[in-house]
Each structure stands twice: as structure tokens, then as C-alpha cells.
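The structure under discussion appears below in the form of C-alpha cells.
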Amino acid sequence: MDKFLPNDRFVVPLIFDNTFATTINCRPFEWGADIHSFRKHTCFNRLSETGWRYGISRCPVPSIVHRLIILKKKQTTLFCSSPILHYLCKKSKDMLGHPFWQDEYWLYIIQLFQTKPEGVKHLYSRQLVDLSLELHIEPSYIHRQMMRLRHIDDKRLRKLWDKYAHKPKKLARMVNTLRSMRGFGMGNVFYAGVEVNVSWEATFQPLDAEPRLTPLMLVIILDLYFRLTPNTMVEDTPEVAELARLVGIGPSLVVDVLRSFLCCDPYLNYVPEMDNKLVGPCSRIWNEYAILEPQELEGLAEQMKYYFK
């Protein structure tokens with residue numbers, strides 16, 4: 001196939017979709033296929049994640065889907081022996097928008113939407129973040145899915161809403177059943193001991209150097225750092241005491257973080273103490289967020305504060 005695809009910019013995945021021949025008889029990978037048996041692993045079974053991760057794909061599925069959609073929008077002609085391309089383009093925003101998303105997760109979203117105060121929850125609300133951590137799906141994606149409940153335009157979603165939205169006890173039973181089945185078909189035990197590097201989840205997890213702190217707190221304290229002077233970075237400063245009450249830590253710990261940021265500031269010549277374990281985590285936060293415009297950092301910190309309200 002290389003002679004037909006001289007430039008990587010025009011490469012599209014080769015998909016084998018033969019119900020009876022795939023995979024043991026046809027051996028798609030030996031013929032240069034990128035994906036095989038795709039519909040089996042993207043329909044409403046529980047193989048969507050394991051199928052994508054193990055064996056049926058040679059390249060990341062989300063990027064493939066997005067590439068197919070872009071080509072579709074550009075009215076590029078693609079040849080496929082089955083309706084798979086049409087299926088991908090039609091359902092990608094819902095079912096294939098995230099590699100970990102499954103349709104039964106809509107019940108979690110509906111329950112969260114119905115939780116008082118009813119409606120779409122803030123992006124950094126603790127309830128939404130906790131659900132994101134449970135499902136290993138970014139809060140931004142959960143938030144976008146919840147926004148769809150305000151104006152439901154999907155028949156399947158409308159059916160779920162009509163069936164469960166006005167029956168909270170029935171919805172709670174179904175959600176509890178789903179939680180009790182977590183791992184069935186996905187294999188939590190199978191993944192035991194496997195290291196997973198998901199950067200956004202680390203934002204809400206305790207620091208190894210100081211378990212009372214999280215990177216989320218450090219970003220909020222960094223915003224305060226740029227609004228104080230070194231002389232006002234003390235426990236008696238009202239802004240320090242107020243922030244400490246909000247995030248649930250002592251003012252002395254907020255001051256320790258502020259002083260650690262002093263050591264990260266290139267315009268100052270503060271030398272960190274030998275036993276200061278916060279300089280490393282604060283340096284990583286500084287390198288990522290201190291480059292933002294002051295108004296942008298302030299807006300982000302204000303949003304993050306919703307997690308503690």
C-alpha cells in the first residue's frame with residue numbers, strides 16, 4: 001500500500017469488517033489492516049474499551065474517528081465495504097467522543113443533573129469531579145455531556161430521560177446496580193498493578209511531599225502569590241486566612257507554599273531551605289501556570305475554588 005500512500009497526510013485507516021471471516025480466517029493485519037471487527041467493538045457491548053486497547057487497532061481510535069469525520073466534512077470520497085464509515089461519523093459525538101465513555105454512564109449523568117440544586121453542575125464542582133474520577137473521564141467531557149440534558153436531541157437519550165428522570169428511586173437503584181457491576185467485562189482485577197498515567201487526575205490527588213495539599217490547591221495559592229508581596233505572605237494576612245479556610249488547611253501551610261513559590265520566582269533570589277519538600281511540586285505548577293496572563297490565572301483559580309464550596 002505504500003506506493004498508493006506516499007504522503008502521510010493522506011493516509012486513512014484500512015478497516016476489515018467481515019463478520020464470519022474476521023479474524024482467524026482472514027488475518028486482517030497480515031494484509032495491512034489498521035482495524036478489524038470494528039463494529040463488534042463499538043456497539044452496545046462491553047468490549048469497547050478492551051477492543052480498542054487490545055489487539056484490534058494499530059493506532060489510537062479517537063484520532064481515527066476524528067480523521068474520518070474531517071474527511072467526511074471535506075466531502076472526500078472514501079471506499080468502505082460496509083456502513084461503518086457512516087456509523088462512525090453519525091455516532092462519534094455521542095458514543096465515540098471519549099475512549100472510556102459507555103452509554104450506561106448516562107444514568108450517572110442524569111442522577112447528577114437531578115441532584116439539588118437541579119441542573120448543570122459547575123465544571124469544578126466536587127460532585128462532578130468525583131464522578132469524573134470514578135469513570136476516569138475528564139470533567140470537561142462530563143460537563144459537556146451534562147449540557148446536552150438541557151436540550152435533548154437524541155432519541156435514545158430522550159428515552160432514558162423519560163424512563164428515569166422523574167423516578168429518582170428507580171434511577172438510584174439502577175445506578176447502584178451499575179456501580180456494583182463495575183469491573184464486569186472491564187476487569188478491574190485484570191488491571192491490578194498496571195500503572196496508569198492520567199495527568200488530569202493527578203490534579204486532584206494528594207502530593208507525595210505533603211498529603212494535605214493537591215496540585216489544585218497549589219494553583220489557587222499561586223494566584224494569591226501574585227497578589228501579595230513577600231512581606232504580606234504571613235498567617236495574619238486576611239487573604240491568607242480566608243484561602244486557608246476555603247481549602248480546609250492551616251494558614252501556616254498556605255504560607256509554606258507561598259514561600260516555596262518565592263524560590264521559583266526568577267526575579268527573586270530566594271534560596272530554598274534544605275528540608276523544603278514543596279519546592280519540587282511548586283516548581284512544576286509554576287512552570288505550567290505562571291506563564292498565563294494574570295487575568296487568565298485569576299479566572300482559572302476562581303473556577304477551581306468551586307471544588308471547595
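Residue numbering restarts at 1 for every chain of the C-alpha cells, chains are lettered A, B, ... in their displayed order, and ligands are numbered from 1 as they appear.
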task = Fewer than 2 positions away in the same chain doesn't count, so skip those; otherwise give me all residues within 12 Å of A:Glu239, counting only C-alpha atoms, as a PyMOL selection string.
result = chain A and resi 220-221+223-225+227-229+232-237+241-246+251+254-255
If you take only C-alpha atoms and a cut-off of 7 Å, which residues of stretch 205-239 of chain A touch stretch 271-285 of chain A, and what are their nearest atom pairs and distances in Å to one decimal, in chain and number order, as a Markdown table?
```
| residue | atom | partner | partner_atom | distance |
| --- | --- | --- | --- | --- |
| A:Ala209 | CA | A:Lys277 | CA | 5.7 |
| A:Leu218 | CA | A:Cys282 | CA | 7.0 |
| A:Val219 | CA | A:Ile285 | CA | 6.7 |
```
Now that the selection is made, can you save its residues with N, CA and C atoms as an mmCIF file, in the first residue's frame?
```cif
data_model
loop_
_atom_site.group_PDB
_atom_site.id
_atom_site.type_symbol
_atom_site.label_atom_id
_atom_site.label_comp_id
_atom_site.auth_asym_id
_atom_site.auth_seq_id
_atom_site.Cartn_x
_atom_site.Cartn_y
_atom_site.Cartn_z
ATOM 1 N N ALA A 209 4.786 14.782 48.628
ATOM 2 C CA ALA A 209 5.568 15.571 49.587
ATOM 3 C C ALA A 209 4.722 16.074 50.744
ATOM 4 N N LEU A 218 -2.453 24.171 44.876
ATOM 5 C CA LEU A 218 -1.253 24.945 44.547
ATOM 6 C C LEU A 218 -1.548 25.999 43.491
ATOM 7 N N VAL A 219 -2.405 25.677 42.524
ATOM 8 C CA VAL A 219 -2.760 26.657 41.500
ATOM 9 C C VAL A 219 -3.507 27.833 42.128
#
```
request  = Tell me which protein, DNA and RNA residues are within 10 Å of A:Glu201, counting only C-alpha atoms, leaving out same-chain ones fewer than 5 positions away, and put them as a PyMOL selection string.
outcome  = chain A and resi 129+132-133+136-139
Taking N, CA and C atoms for each residue, export the selection above as an mmCIF file, in the first residue's frame.
```
data_model
loop_
_atom_site.group_PDB
_atom_site.id
_atom_site.type_symbol
_atom_site.label_atom_id
_atom_site.label_comp_id
_atom_site.auth_asym_id
_atom_site.auth_seq_id
_atom_site.Cartn_x
_atom_site.Cartn_y
_atom_site.Cartn_z
ATOM 1 N N VAL A 129 -16.489 16.417 39.721
ATOM 2 C CA VAL A 129 -15.108 15.920 39.711
ATOM 3 C C VAL A 129 -15.042 14.507 40.281
ATOM 4 N N SER A 132 -16.102 12.180 37.660
ATOM 5 C CA SER A 132 -15.055 12.076 36.643
ATOM 6 C C SER A 132 -13.937 11.145 37.089
ATOM 7 N N LEU A 133 -13.552 11.254 38.350
ATOM 8 C CA LEU A 133 -12.505 10.375 38.873
ATOM 9 C C LEU A 133 -12.967 8.923 38.913
ATOM 10 N N HIS A 136 -12.981 7.860 35.257
ATOM 11 C CA HIS A 136 -11.711 8.132 34.572
ATOM 12 C C HIS A 136 -11.951 8.896 33.268
ATOM 13 N N ILE A 137 -12.893 9.824 33.316
ATOM 14 C CA ILE A 137 -13.210 10.670 32.173
ATOM 15 C C ILE A 137 -13.089 12.131 32.615
ATOM 16 N N GLU A 138 -12.465 12.954 31.806
ATOM 17 C CA GLU A 138 -12.191 14.332 32.184
ATOM 18 C C GLU A 138 -13.458 15.084 32.568
ATOM 19 N N PRO A 139 -13.368 15.969 33.586
ATOM 20 C CA PRO A 139 -14.540 16.760 33.983
ATOM 21 C C PRO A 139 -15.128 17.572 32.836
#
```
query = Nearest to A:Ala301: which of A:Pro238, A:Pro230, A:Gly248, A:Pro215 is it, counting only C-alpha atoms?
reply = A:Pro215
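Closest approach to A:Arg259 among A:Gln114, A:Gln295, A:Asn231, A:Ser140 is made by A:Asn231 (distances from only C-alpha atoms).
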ask   = Could you work out how far atom CA of A:Met146 lies from atom CA of A:Gly119, giving the answer in Å with one decimal?
value =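 Going from atom CA of A:Gly119 over to atom CA of A:Met146, I get 8.5 Å.
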message = So that I can check the secondary structure, give me every residue of stretch 211-258 of chain A assigned helix (DSSP H, G or I) by backbone DSSP, as a PyMOL selection string.
response = chain A and resi 215-225+230-232+238-247+251-258
